[in-house]
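A.B. asks: This is the content of target-v6.cif (mmCIF, C-alpha atoms):
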data_run
loop_
_atom_site.group_PDB
_atom_site.id
_atom_site.type_symbol
_atom_site.label_atom_id
_atom_site.label_comp_id
_atom_site.auth_asym_id
_atom_site.auth_seq_id
_atom_site.Cartn_x
_atom_site.Cartn_y
_atom_site.Cartn_z
ATOM 1 C CA MET A 152 -49.027 -91.098 -0.064
ATOM 2 C CA SER A 153 -48.935 -87.480 1.042
ATOM 3 C CA ASP A 154 -45.735 -86.207 2.592
ATOM 4 C CA ASP A 155 -46.098 -82.887 4.395
ATOM 5 C CA LEU A 156 -42.371 -82.569 5.005
ATOM 6 C CA TYR A 157 -41.596 -83.081 1.299
ATOM 7 C CA ASP A 158 -44.270 -80.502 0.384
ATOM 8 C CA LYS A 159 -42.771 -78.047 2.846
ATOM 9 C CA LEU A 160 -39.274 -78.584 1.413
ATOM 10 C CA GLN A 161 -40.610 -78.133 -2.123
ATOM 11 C CA SER A 162 -42.216 -74.844 -1.117
ATOM 12 C CA MET A 163 -38.818 -73.601 0.061
ATOM 13 C CA ILE A 164 -36.958 -74.366 -3.187
ATOM 14 C CA GLY A 165 -35.322 -71.231 -4.524
ATOM 15 C CA GLN A 166 -34.886 -69.645 -1.101
ATOM 16 C CA VAL A 167 -31.681 -67.580 -0.978
ATOM 17 C CA THR A 168 -29.933 -66.274 2.116
ATOM 18 C CA GLY A 169 -26.991 -63.887 2.234
ATOM 19 C CA PRO A 170 -24.813 -62.377 0.979
ATOM 20 C CA TYR A 171 -22.415 -63.033 3.830
ATOM 21 C CA PRO A 172 -19.070 -61.258 3.634
ATOM 22 C CA ALA A 173 -15.838 -63.219 4.168
ATOM 23 C CA ASN A 174 -13.987 -62.312 7.343
ATOM 24 C CA ASP A 175 -10.646 -62.097 5.509
ATOM 25 C CA GLU A 176 -9.669 -60.771 2.126
ATOM 26 C CA VAL A 177 -7.960 -63.258 -0.176
ATOM 27 C CA ASN A 178 -4.378 -63.027 1.030
ATOM 28 C CA GLU A 179 -0.989 -64.574 0.393
ATOM 29 C CA PRO A 180 -0.344 -65.976 3.892
ATOM 30 C CA MET A 181 -3.577 -68.025 3.797
ATOM 31 C CA ILE A 182 -2.745 -69.171 0.255
ATOM 32 C CA ARG A 183 0.698 -70.282 1.389
ATOM 33 C CA HIS A 184 -0.645 -72.085 4.467
ATOM 34 C CA TRP A 185 -3.106 -73.923 2.220
ATOM 35 C CA SER A 186 -0.386 -74.822 -0.308
ATOM 36 C CA GLU A 187 1.860 -76.151 2.490
ATOM 37 C CA ALA A 188 -0.850 -78.314 4.027
ATOM 38 C CA MET A 189 -2.065 -79.640 0.639
ATOM 39 C CA GLN A 190 1.544 -80.000 -0.572
ATOM 40 C CA ASP A 191 0.509 -78.099 -3.691
ATOM 41 C CA GLY A 192 3.550 -76.683 -5.456
ATOM 42 C CA ASN A 193 1.636 -74.824 -8.176
ATOM 43 C CA PRO A 194 3.781 -71.686 -8.691
ATOM 44 C CA LEU A 195 0.710 -69.564 -9.494
ATOM 45 C CA TYR A 196 -0.080 -69.743 -5.784
ATOM 46 C CA THR A 197 3.317 -69.162 -4.205
ATOM 47 C CA ASP A 198 6.001 -68.166 -6.752
ATOM 48 C CA GLU A 199 5.577 -64.444 -7.269
ATOM 49 C CA GLU A 200 8.091 -64.260 -10.111
ATOM 50 C CA TYR A 201 6.384 -67.044 -12.055
ATOM 51 C CA ALA A 202 2.895 -65.713 -11.334
ATOM 52 C CA LYS A 203 3.840 -62.167 -12.463
ATOM 53 C CA ASN A 204 4.899 -63.515 -15.841
ATOM 54 C CA SER A 205 1.793 -65.685 -16.231
ATOM 55 C CA LYS A 206 -1.476 -64.654 -17.846
ATOM 56 C CA TYR A 207 -2.744 -63.721 -14.388
ATOM 57 C CA LYS A 208 0.059 -61.119 -13.885
ATOM 58 C CA GLY A 209 0.311 -62.062 -10.230
ATOM 59 C CA ILE A 210 -0.393 -64.596 -7.484
ATOM 60 C CA ILE A 211 -3.829 -66.235 -7.484
ATOM 61 C CA ALA A 212 -5.481 -68.407 -4.833
ATOM 62 C CA PRO A 213 -6.178 -72.093 -5.514
ATOM 63 C CA PRO A 214 -9.697 -72.130 -7.001
ATOM 64 C CA THR A 215 -10.673 -74.884 -4.551
ATOM 65 C CA MET A 216 -10.096 -72.429 -1.701
ATOM 66 C CA ALA A 217 -13.127 -70.092 -2.025
ATOM 67 C CA GLN A 218 -14.992 -71.535 0.945
ATOM 68 C CA ALA A 219 -11.925 -71.283 3.203
ATOM 69 C CA TYR A 220 -12.242 -67.486 3.167
ATOM 70 C CA CYS A 221 -15.923 -67.656 4.012
ATOM 71 C CA VAL A 222 -16.013 -70.113 6.922
ATOM 72 C CA PRO A 223 -17.770 -68.403 9.853
ATOM 73 C CA ARG A 224 -15.311 -67.067 12.399
ATOM 74 C CA LEU A 225 -14.823 -68.883 15.713
ATOM 75 C CA TRP A 226 -15.318 -65.780 17.815
ATOM 76 C CA PRO A 227 -17.119 -63.484 18.308
ATOM 77 C CA PRO A 228 -20.334 -65.163 17.089
ATOM 78 C CA GLU A 229 -21.548 -64.030 13.674
ATOM 79 C CA ASP A 230 -24.351 -61.500 14.040
ATOM 80 C CA ARG A 231 -26.755 -62.677 11.354
ATOM 81 C CA GLU A 232 -29.979 -64.529 10.668
ATOM 82 C CA PRO A 233 -29.730 -68.331 10.174
ATOM 83 C CA HIS A 234 -28.700 -69.232 6.616
ATOM 84 C CA THR A 235 -30.410 -71.703 4.299
ATOM 85 C CA LEU A 236 -28.466 -74.732 5.510
ATOM 86 C CA GLU A 237 -29.057 -73.871 9.167
ATOM 87 C CA ILE A 238 -32.779 -73.368 8.532
ATOM 88 C CA LEU A 239 -32.973 -76.747 6.774
ATOM 89 C CA THR A 240 -31.015 -78.438 9.571
ATOM 90 C CA GLU A 241 -33.507 -77.158 12.116
ATOM 91 C CA ILE A 242 -36.555 -78.192 10.081
ATOM 92 C CA MET A 243 -35.155 -81.666 9.466
ATOM 93 C CA GLY A 244 -34.170 -82.083 13.107
ATOM 94 C CA GLU A 245 -37.648 -81.190 14.282
ATOM 95 C CA ALA A 246 -39.168 -83.579 11.740
ATOM 96 C CA GLY A 247 -37.077 -86.464 13.112
ATOM 97 C CA TYR A 248 -34.180 -86.544 10.626
ATOM 98 C CA PRO A 249 -31.312 -85.212 12.764
ATOM 99 C CA TYR A 250 -28.382 -87.095 11.198
ATOM 100 C CA VAL A 251 -26.434 -85.760 8.267
ATOM 101 C CA VAL A 252 -23.941 -87.051 5.752
ATOM 102 C CA ALA A 253 -22.530 -85.073 2.826
ATOM 103 C CA THR A 254 -22.847 -87.069 -0.399
ATOM 104 C CA THR A 255 -21.822 -84.927 -3.371
ATOM 105 C CA THR A 256 -20.273 -81.564 -3.953
ATOM 106 C CA SER A 257 -18.933 -79.801 -6.976
ATOM 107 C CA GLN A 258 -17.188 -76.568 -7.751
ATOM 108 C CA GLU A 259 -17.359 -74.546 -10.941
ATOM 109 C CA TYR A 260 -14.828 -71.759 -11.368
ATOM 110 C CA PHE A 261 -15.456 -68.509 -13.212
ATOM 111 C CA LYS A 262 -12.889 -65.896 -12.132
ATOM 112 C CA PRO A 263 -9.521 -66.209 -10.425
ATOM 113 C CA MET A 264 -9.266 -65.063 -6.802
ATOM 114 C CA ARG A 265 -6.456 -62.588 -6.199
ATOM 115 C CA PRO A 266 -4.933 -61.227 -2.998
ATOM 116 C CA GLY A 267 -7.030 -58.245 -1.899
ATOM 117 C CA ASP A 268 -10.300 -59.681 -3.264
ATOM 118 C CA LYS A 269 -13.203 -59.360 -0.844
ATOM 119 C CA LEU A 270 -15.423 -62.399 -1.223
ATOM 120 C CA LYS A 271 -18.998 -62.886 -0.163
ATOM 121 C CA TYR A 272 -21.406 -65.751 -0.636
ATOM 122 C CA THR A 273 -25.061 -66.599 -0.836
ATOM 123 C CA LEU A 274 -26.749 -69.932 -0.191
ATOM 124 C CA THR A 275 -29.600 -71.101 -2.419
ATOM 125 C CA PHE A 276 -31.770 -74.146 -1.776
ATOM 126 C CA ILE A 277 -32.180 -75.884 -5.140
ATOM 127 C CA THR A 278 -33.469 -79.459 -4.745
ATOM 128 C CA ALA A 279 -35.081 -81.846 -2.278
ATOM 129 C CA SER A 280 -35.651 -85.529 -2.999
ATOM 130 C CA PRO A 281 -38.694 -87.524 -1.944
ATOM 131 C CA LEU A 282 -38.178 -89.761 1.105
ATOM 132 C CA LYS A 283 -35.444 -92.299 0.258
ATOM 133 C CA LYS A 284 -34.240 -95.460 1.951
ATOM 134 C CA THR A 285 -30.478 -96.058 1.962
ATOM 135 C CA ARG A 286 -28.142 -98.347 3.914
ATOM 136 C CA LEU A 287 -27.755 -95.513 6.472
ATOM 137 C CA GLY A 288 -31.428 -95.041 7.080
ATOM 138 C CA GLN A 289 -34.337 -93.133 5.601
ATOM 139 C CA GLY A 290 -34.338 -89.459 4.809
ATOM 140 C CA TYR A 291 -34.099 -86.750 2.191
ATOM 141 C CA PHE A 292 -31.334 -85.590 -0.126
ATOM 142 C CA LEU A 293 -31.120 -81.801 -0.015
ATOM 143 C CA THR A 294 -28.964 -79.663 -2.307
ATOM 144 C CA VAL A 295 -27.875 -76.098 -1.698
ATOM 145 C CA VAL A 296 -25.570 -73.962 -3.834
ATOM 146 C CA TYR A 297 -22.901 -71.707 -2.397
ATOM 147 C CA THR A 298 -22.276 -68.823 -4.813
ATOM 148 C CA TYR A 299 -19.068 -66.931 -4.127
ATOM 149 C CA SER A 300 -18.536 -63.520 -5.693
ATOM 150 C CA ASN A 301 -15.933 -60.779 -5.393
ATOM 151 C CA GLN A 302 -16.064 -57.029 -4.715
ATOM 152 C CA LYS A 303 -16.950 -56.386 -8.384
ATOM 153 C CA ASP A 304 -19.941 -58.728 -8.027
ATOM 154 C CA GLU A 305 -18.294 -61.176 -10.404
ATOM 155 C CA VAL A 306 -19.113 -64.792 -9.550
ATOM 156 C CA VAL A 307 -15.838 -66.575 -8.805
ATOM 157 C CA CYS A 308 -17.154 -70.006 -7.831
ATOM 158 C CA LYS A 309 -20.401 -71.940 -7.591
ATOM 159 C CA GLN A 310 -20.453 -74.887 -5.255
ATOM 160 C CA PRO A 311 -23.492 -77.176 -5.126
ATOM 161 C CA PHE A 312 -23.494 -79.291 -1.978
ATOM 162 C CA THR A 313 -25.784 -82.279 -1.376
ATOM 163 C CA ILE A 314 -26.485 -83.735 2.048
ATOM 164 C CA PHE A 315 -28.596 -86.671 3.171
ATOM 165 C CA LYS A 316 -30.618 -85.799 6.284
ATOM 166 C CA PHE A 317 -31.745 -89.071 7.811
ATOM 167 C CA ARG A 318 -32.852 -91.180 10.760
ATOM 168 C CA PRO A 319 -30.842 -94.383 11.166
ATOM 169 C CA ASN A 320 -32.410 -97.801 10.500
ATOM 170 C CA MET B 534 20.389 -66.783 -4.293
ATOM 171 C CA ALA B 535 17.744 -69.417 -4.768
ATOM 172 C CA LYS B 536 17.858 -71.133 -8.128
ATOM 173 C CA LYS B 537 15.129 -69.959 -10.471
ATOM 174 C CA LYS B 538 12.669 -72.780 -10.854
ATOM 175 C CA THR B 539 11.200 -73.898 -14.129
ATOM 176 C CA TYR B 540 7.823 -75.553 -14.399
ATOM 177 C CA LYS B 541 6.660 -77.895 -17.118
ATOM 178 C CA SER B 542 3.137 -77.758 -18.475
ATOM 179 C CA LEU B 543 1.334 -80.258 -20.662
ATOM 180 C CA LYS B 544 -0.066 -79.189 -24.003
ATOM 181 C CA TRP B 545 -3.562 -80.098 -25.149
ATOM 182 C CA ASP B 546 -2.121 -81.614 -28.335
ATOM 183 C CA GLN B 547 -0.114 -84.113 -26.252
ATOM 184 C CA ILE B 548 -3.171 -85.457 -24.450
ATOM 185 C CA LYS B 549 -5.184 -88.404 -25.765
ATOM 186 C CA LYS B 550 -8.527 -89.768 -24.737
ATOM 187 C CA GLY B 551 -7.807 -92.657 -22.377
ATOM 188 C CA THR B 552 -4.450 -91.237 -21.226
ATOM 189 C CA LYS B 553 -3.834 -92.227 -17.617
ATOM 190 C CA LEU B 554 -2.733 -89.591 -15.132
ATOM 191 C CA PRO B 555 0.356 -90.545 -13.119
ATOM 192 C CA GLU B 556 -0.566 -92.126 -9.792
ATOM 193 C CA GLN B 557 0.193 -90.166 -6.622
ATOM 194 C CA SER B 558 0.148 -91.392 -3.028
ATOM 195 C CA ARG B 559 0.307 -89.598 0.272
ATOM 196 C CA ASP B 560 0.514 -91.044 3.762
ATOM 197 C CA ILE B 561 -2.181 -89.306 5.785
ATOM 198 C CA THR B 562 -1.090 -88.497 9.312
ATOM 199 C CA ARG B 563 -2.719 -86.640 12.178
ATOM 200 C CA ARG B 564 -0.655 -83.668 11.112
ATOM 201 C CA THR B 565 -2.104 -83.917 7.593
ATOM 202 C CA VAL B 566 -5.696 -83.989 8.854
ATOM 203 C CA ILE B 567 -5.177 -81.155 11.335
ATOM 204 C CA SER B 568 -2.976 -78.891 9.203
ATOM 205 C CA THR B 569 -5.336 -79.110 6.228
ATOM 206 C CA ALA B 570 -8.385 -78.492 8.448
ATOM 207 C CA ILE B 571 -6.718 -75.400 9.906
ATOM 208 C CA ALA B 572 -5.554 -74.164 6.487
ATOM 209 C CA SER B 573 -9.183 -74.365 5.367
ATOM 210 C CA ARG B 574 -10.420 -72.681 8.595
ATOM 211 C CA ASP B 575 -12.477 -75.740 9.513
ATOM 212 C CA PHE B 576 -12.391 -76.087 13.290
ATOM 213 C CA GLN B 577 -15.117 -78.726 13.616
ATOM 214 C CA ASP B 578 -13.874 -81.054 16.337
ATOM 215 C CA VAL B 579 -14.088 -84.233 14.224
ATOM 216 C CA HIS B 580 -11.105 -82.891 12.246
ATOM 217 C CA HIS B 581 -8.742 -82.403 15.204
ATOM 218 C CA ASP B 582 -10.103 -84.014 18.400
ATOM 219 C CA HIS B 583 -9.788 -87.807 18.578
ATOM 220 C CA GLU B 584 -12.122 -88.194 21.592
ATOM 221 C CA ALA B 585 -14.777 -85.939 20.079
ATOM 222 C CA ALA B 586 -14.563 -87.873 16.811
ATOM 223 C CA LYS B 587 -15.050 -91.189 18.679
ATOM 224 C CA ASN B 588 -17.996 -89.761 20.595
ATOM 225 C CA SER B 589 -19.633 -88.766 17.330
ATOM 226 C CA GLY B 590 -19.450 -92.356 16.120
ATOM 227 C CA THR B 591 -16.380 -92.359 13.887
ATOM 228 C CA PRO B 592 -13.197 -94.255 14.836
ATOM 229 C CA ASP B 593 -10.839 -91.299 14.434
ATOM 230 C CA ILE B 594 -10.454 -87.748 13.150
ATOM 231 C CA PHE B 595 -10.835 -87.532 9.366
ATOM 232 C CA LEU B 596 -10.087 -85.222 6.428
ATOM 233 C CA ASN B 597 -12.592 -82.406 5.905
ATOM 234 C CA ILE B 598 -14.365 -81.966 2.579
ATOM 235 C CA LEU B 599 -12.571 -78.769 1.622
ATOM 236 C CA THR B 600 -9.300 -80.673 1.858
ATOM 237 C CA THR B 601 -10.586 -83.445 -0.383
ATOM 238 C CA GLY B 602 -11.299 -80.710 -2.955
ATOM 239 C CA GLY B 603 -7.908 -79.113 -2.400
ATOM 240 C CA LEU B 604 -6.105 -82.437 -2.865
ATOM 241 C CA ILE B 605 -8.020 -83.159 -6.084
ATOM 242 C CA GLY B 606 -7.101 -79.710 -7.404
ATOM 243 C CA LYS B 607 -3.473 -80.334 -6.531
ATOM 244 C CA TYR B 608 -3.494 -83.772 -8.177
ATOM 245 C CA LEU B 609 -4.946 -82.406 -11.419
ATOM 246 C CA THR B 610 -2.718 -79.339 -11.793
ATOM 247 C CA ASP B 611 0.352 -81.371 -10.770
ATOM 248 C CA TRP B 612 -0.469 -83.398 -13.891
ATOM 249 C CA THR B 613 -1.104 -80.496 -16.269
ATOM 250 C CA GLY B 614 1.472 -78.124 -14.824
ATOM 251 C CA PRO B 615 0.620 -74.529 -13.886
ATOM 252 C CA LYS B 616 -0.788 -73.673 -17.321
ATOM 253 C CA GLY B 617 -3.646 -76.101 -16.775
ATOM 254 C CA GLU B 618 -6.681 -74.240 -15.512
ATOM 255 C CA LEU B 619 -9.359 -75.923 -13.431
ATOM 256 C CA LYS B 620 -12.859 -75.218 -14.769
ATOM 257 C CA ASN B 621 -14.865 -77.515 -12.535
ATOM 258 C CA ILE B 622 -14.635 -80.508 -10.226
ATOM 259 C CA VAL B 623 -17.442 -82.891 -9.258
ATOM 260 C CA ILE B 624 -16.811 -84.874 -6.077
ATOM 261 C CA ASN B 625 -18.780 -87.936 -5.004
ATOM 262 C CA LEU B 626 -17.944 -88.311 -1.336
ATOM 263 C CA ALA B 627 -17.518 -91.882 -0.130
ATOM 264 C CA LEU B 628 -15.441 -93.282 2.763
ATOM 265 C CA PRO B 629 -13.735 -90.991 5.274
ATOM 266 C CA CYS B 630 -9.942 -90.742 5.179
ATOM 267 C CA TYR B 631 -8.247 -91.272 8.566
ATOM 268 C CA PRO B 632 -4.725 -90.886 9.945
ATOM 269 C CA GLY B 633 -2.763 -93.999 8.976
ATOM 270 C CA ASP B 634 -4.452 -94.263 5.579
ATOM 271 C CA THR B 635 -2.473 -93.961 2.383
ATOM 272 C CA LEU B 636 -4.462 -91.837 -0.029
ATOM 273 C CA THR B 637 -3.805 -92.807 -3.632
ATOM 274 C CA SER B 638 -4.915 -90.671 -6.578
ATOM 275 C CA ASN B 639 -5.548 -91.996 -10.067
ATOM 276 C CA GLY B 640 -7.160 -90.529 -13.116
ATOM 277 C CA LYS B 641 -7.895 -90.960 -16.796
ATOM 278 C CA VAL B 642 -8.729 -88.623 -19.682
ATOM 279 C CA LEU B 643 -12.353 -89.109 -20.706
ATOM 280 C CA ASN B 644 -12.586 -86.640 -23.535
ATOM 281 C CA LYS B 645 -10.920 -83.649 -25.212
ATOM 282 C CA TYR B 646 -12.714 -80.923 -27.126
ATOM 283 C CA THR B 647 -12.817 -77.214 -27.811
ATOM 284 C CA GLU B 648 -15.397 -74.715 -26.642
ATOM 285 C CA GLY B 649 -15.133 -71.124 -27.870
ATOM 286 C CA ASP B 650 -11.408 -70.402 -27.788
ATOM 287 C CA GLU B 651 -10.683 -72.894 -25.019
ATOM 288 C CA TYR B 652 -9.023 -76.289 -25.325
ATOM 289 C CA LEU B 653 -10.648 -78.516 -22.754
ATOM 290 C CA VAL B 654 -10.082 -81.941 -21.248
ATOM 291 C CA ASP B 655 -12.508 -83.960 -19.119
ATOM 292 C CA VAL B 656 -10.938 -86.397 -16.693
ATOM 293 C CA GLU B 657 -12.252 -88.884 -14.201
ATOM 294 C CA TYR B 658 -10.331 -89.376 -10.996
ATOM 295 C CA THR B 659 -10.404 -91.475 -7.841
ATOM 296 C CA LEU B 660 -8.849 -90.849 -4.448
ATOM 297 C CA ALA B 661 -8.782 -94.139 -2.566
ATOM 298 C CA THR B 662 -7.535 -95.511 0.742
ATOM 299 C CA GLY B 663 -6.852 -99.177 1.537
ATOM 300 C CA ASN B 664 -10.512 -99.470 2.511
ATOM 301 C CA GLY B 665 -11.910 -98.195 -0.786
ATOM 302 C CA THR B 666 -12.873 -94.968 -2.505
ATOM 303 C CA HIS B 667 -12.622 -91.761 -0.508
ATOM 304 C CA GLY B 668 -13.746 -89.432 -3.290
ATOM 305 C CA SER B 669 -14.252 -89.805 -7.014
ATOM 306 C CA GLY B 670 -15.728 -87.863 -9.871
ATOM 307 C CA THR B 671 -14.940 -85.841 -12.945
ATOM 308 C CA ALA B 672 -13.206 -82.563 -13.646
ATOM 309 C CA THR B 673 -12.705 -80.252 -16.595
ATOM 310 C CA LEU B 674 -9.470 -78.401 -17.276
ATOM 311 C CA ALA B 675 -8.488 -75.878 -19.934
ATOM 312 C CA ILE B 676 -5.026 -76.634 -21.269
ATOM 313 C CA PRO B 677 -3.096 -74.510 -23.782
ATOM 314 C CA LYS B 678 -2.918 -76.076 -27.246
#
Render the structure in this file as structure tokens.

C.D. replies:
Amino acid sequence: MSDDLYDKLQSMIGQVTGPYPANDEVNEPMIRHWSEAMQDGNPLYTDEEYAKNSKYKGIIAPPTMAQAYCVPRLWPPEDREPHTLEILTEIMGEAGYPYVVATTTSQEYFKPMRPGDKLKYTLTFITASPLKKTRLGQGYFLTVVYTYSNQKDEVVCKQPFTIFKFRPN
Amino acid sequence: MAKKKTYKSLKWDQIKKGTKLPEQSRDITRRTVISTAIASRDFQDVHHDHEAAKNSGTPDIFLNILTTGGLIGKYLTDWTGPKGELKNIVINLALPCYPGDTLTSNGKVLNKYTEGDEYLVDVEYTLATGNGTHGSGTATLAIPK
């Protein structure tokens, strides 16, 4: 059976949007707020004395935190073209698959994030499944990768993210 | 003057395949959901606005995904101590976690091996509420020998 939507998605594989700069540098107040809320007592994040004497020679951010620096600001609106995920959301909505659930994500860490680092990220569309039926409904599993890098263009974190765009049963 | 704190770290040599990670539990409150959403700069209304969450078809506000990742990171480096270095985490997202849930973390060592000059450990972990699994998956950490 031919599936025009699947063919269209396949033709978009590899599309990259960005880079989008983070609104804030990596900074100690945001690290501490994160550590408080997560109840994470890792001294690399909040104990300057310990961190200075560690192999990092100073405070680092929790590696799980990369995206927190890169969330679009609330106001004023970001002045940019739609990114990969927004483009996909629109296409899937128009095709009759408006609902979304996140199914899998992962994070791979390459470089520590230090206060003062200026992060940016790109979004790459890497896979689309054929039409699938699940208990939620029928739709497509789509995977994008967030790639976070620092001001030296070193990749700090790669974060694949899979969503199921569906119409309910 | 504040007392200087000391921090214990596990050594790779002490870890065996099959070793269980100590269980941790946390009572998830509205404050937990909202403070973690704000700390991760996630202002989507389903993470702080009860009415908006109900209108979107979910019974209550729920933890955001970044927080699930943050809590897994915390659970794993609480186990290794600060010398344990996260290399990667894979998260299979299952049931939402709501205020009133107790989120319980468990884990087990799957494998230990060396790669280049790094001493690595693969673990599997589960974060579960009373209703079932919230998030589960595997992670790799580098741990000093």

A.B. asks: I'd like to see the residues matched by the PyMOL selection byres ((chain A) within 9 of (chain B)) on this file, and ideally I'd get them as a ChimeraX atom specification.

C.D. replies: /A:181-195,201,205,213-216,218-225,253-261

A.B. asks: Please produce a file of the residues just selected, as a compact mmCIF listing (two decimals), in the frame of the given file, where the atoms kept are C-alpha atoms.

C.D. replies:
# COMPACT_ATOMS: atom_id res chain seq x y z
CA MET A 181 -3.58 -68.03 3.80
CA ILE A 182 -2.74 -69.17 0.26
CA ARG A 183 0.70 -70.28 1.39
CA HIS A 184 -0.64 -72.08 4.47
CA TRP A 185 -3.11 -73.92 2.22
CA SER A 186 -0.39 -74.82 -0.31
CA GLU A 187 1.86 -76.15 2.49
CA ALA A 188 -0.85 -78.31 4.03
CA MET A 189 -2.06 -79.64 0.64
CA GLN A 190 1.54 -80.00 -0.57
CA ASP A 191 0.51 -78.10 -3.69
CA GLY A 192 3.55 -76.68 -5.46
CA ASN A 193 1.64 -74.82 -8.18
CA PRO A 194 3.78 -71.69 -8.69
CA LEU A 195 0.71 -69.56 -9.49
CA TYR A 201 6.38 -67.04 -12.06
CA SER A 205 1.79 -65.68 -16.23
CA PRO A 213 -6.18 -72.09 -5.51
CA PRO A 214 -9.70 -72.13 -7.00
CA THR A 215 -10.67 -74.88 -4.55
CA MET A 216 -10.10 -72.43 -1.70
CA GLN A 218 -14.99 -71.54 0.94
CA ALA A 219 -11.92 -71.28 3.20
CA TYR A 220 -12.24 -67.49 3.17
CA CYS A 221 -15.92 -67.66 4.01
CA VAL A 222 -16.01 -70.11 6.92
CA PRO A 223 -17.77 -68.40 9.85
CA ARG A 224 -15.31 -67.07 12.40
CA LEU A 225 -14.82 -68.88 15.71
CA ALA A 253 -22.53 -85.07 2.83
CA THR A 254 -22.85 -87.07 -0.40
CA THR A 255 -21.82 -84.93 -3.37
CA THR A 256 -20.27 -81.56 -3.95
CA SER A 257 -18.93 -79.80 -6.98
CA GLN A 258 -17.19 -76.57 -7.75
CA GLU A 259 -17.36 -74.55 -10.94
CA TYR A 260 -14.83 -71.76 -11.37
CA PHE A 261 -15.46 -68.51 -13.21

A.B. asks: Counting all atoms listed in the file, figure out which residue out of B:Leu554, B:Leu543, B:Ile676, B:Ala586 gets nearest to Ser638 in chain B.

C.D. replies: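 Looking only at the distances to Ser638 in chain B, the closest residue turns out to be B:Leu554.
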
A.B. asks: Could you state which residues are captured by the PyMOL selection byres ((chain A and resi 313) around 9) in this file, as a short mmCIF file (atom, residue, chain, number, x, y, z; two decimals) with C-alpha atoms, in the coordinates of the input?

C.D. replies:
data_model
loop_
_atom_site.label_atom_id
_atom_site.label_comp_id
_atom_site.auth_asym_id
_atom_site.auth_seq_id
_atom_site.Cartn_x
_atom_site.Cartn_y
_atom_site.Cartn_z
CA VAL A 252 -23.94 -87.05 5.75
CA ALA A 253 -22.53 -85.07 2.83
CA THR A 254 -22.85 -87.07 -0.40
CA THR A 255 -21.82 -84.93 -3.37
CA THR A 256 -20.27 -81.56 -3.95
CA THR A 278 -33.47 -79.46 -4.74
CA PHE A 292 -31.33 -85.59 -0.13
CA LEU A 293 -31.12 -81.80 -0.02
CA THR A 294 -28.96 -79.66 -2.31
CA VAL A 295 -27.88 -76.10 -1.70
CA VAL A 296 -25.57 -73.96 -3.83
CA PRO A 311 -23.49 -77.18 -5.13
CA PHE A 312 -23.49 -79.29 -1.98
CA ILE A 314 -26.48 -83.74 2.05
CA PHE A 315 -28.60 -86.67 3.17
#

A.B. asks: If the PyMOL selection byres ((chain B and resi 634) around 12) were run on this exact file, what residues would it hold? Put them as a PyMOL selection string.

C.D. replies: chain B and resi 558-563+565-566+593-596+628-633+635-637+660-667

A.B. asks: Suppose we keep C-alpha atoms; can you now write the selection as a PDB file, in the coordinates of the input?

C.D. replies:
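Resulting contents of selection_7.pdb:
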ATOM      1  CA  SER B 558       0.148 -91.392  -3.028  1.00  0.00           C
ATOM      2  CA  ARG B 559       0.307 -89.598   0.272  1.00  0.00           C
ATOM      3  CA  ASP B 560       0.514 -91.044   3.762  1.00  0.00           C
ATOM      4  CA  ILE B 561      -2.181 -89.306   5.785  1.00  0.00           C
ATOM      5  CA  THR B 562      -1.090 -88.497   9.312  1.00  0.00           C
ATOM      6  CA  ARG B 563      -2.719 -86.640  12.178  1.00  0.00           C
ATOM      7  CA  THR B 565      -2.104 -83.917   7.593  1.00  0.00           C
ATOM      8  CA  VAL B 566      -5.696 -83.989   8.854  1.00  0.00           C
ATOM      9  CA  ASP B 593     -10.839 -91.299  14.434  1.00  0.00           C
ATOM     10  CA  ILE B 594     -10.454 -87.748  13.150  1.00  0.00           C
ATOM     11  CA  PHE B 595     -10.835 -87.532   9.366  1.00  0.00           C
ATOM     12  CA  LEU B 596     -10.087 -85.222   6.428  1.00  0.00           C
ATOM     13  CA  LEU B 628     -15.441 -93.282   2.763  1.00  0.00           C
ATOM     14  CA  PRO B 629     -13.735 -90.991   5.274  1.00  0.00           C
ATOM     15  CA  CYS B 630      -9.942 -90.742   5.179  1.00  0.00           C
ATOM     16  CA  TYR B 631      -8.247 -91.272   8.566  1.00  0.00           C
ATOM     17  CA  PRO B 632      -4.725 -90.886   9.945  1.00  0.00           C
ATOM     18  CA  GLY B 633      -2.763 -93.999   8.976  1.00  0.00           C
ATOM     19  CA  THR B 635      -2.473 -93.961   2.383  1.00  0.00           C
ATOM     20  CA  LEU B 636      -4.462 -91.837  -0.029  1.00  0.00           C
ATOM     21  CA  THR B 637      -3.805 -92.807  -3.632  1.00  0.00           C
ATOM     22  CA  LEU B 660      -8.849 -90.849  -4.448  1.00  0.00           C
ATOM     23  CA  ALA B 661      -8.782 -94.139  -2.566  1.00  0.00           C
ATOM     24  CA  THR B 662      -7.535 -95.511   0.742  1.00  0.00           C
ATOM     25  CA  GLY B 663      -6.852 -99.177   1.537  1.00  0.00           C
ATOM     26  CA  ASN B 664     -10.512 -99.470   2.511  1.00  0.00           C
ATOM     27  CA  GLY B 665     -11.910 -98.195  -0.786  1.00  0.00           C
ATOM     28  CA  THR B 666     -12.873 -94.968  -2.505  1.00  0.00           C
ATOM     29  CA  HIS B 667     -12.622 -91.761  -0.508  1.00  0.00           C
TER      30      HIS B 667
END

A.B. asks: I need the residue nearest Lys316 in chain A from this list: A:Lys206, A:Lys271, A:Lys283, A:Lys262. Use only C-alpha atoms for the distance.

C.D. replies: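 Nearest to Lys316 in chain A: A:Lys283.
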
A.B. asks: Between CA of Thr168 in chain A and CA of Leu239 in chain A, what is the distance, to one decimal in Å?

C.D. replies: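 If I compute the distance from CA of Thr168 in chain A to CA of Leu239 in chain A, I get 11.9 Å.
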
A.B. asks: So how far away is CA of Pro266 in chain A from CA of Glu199 in chain A, in Å?

C.D. replies: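 Between CA of Glu199 in chain A and CA of Pro266 in chain A the gap is 11.8 Å.
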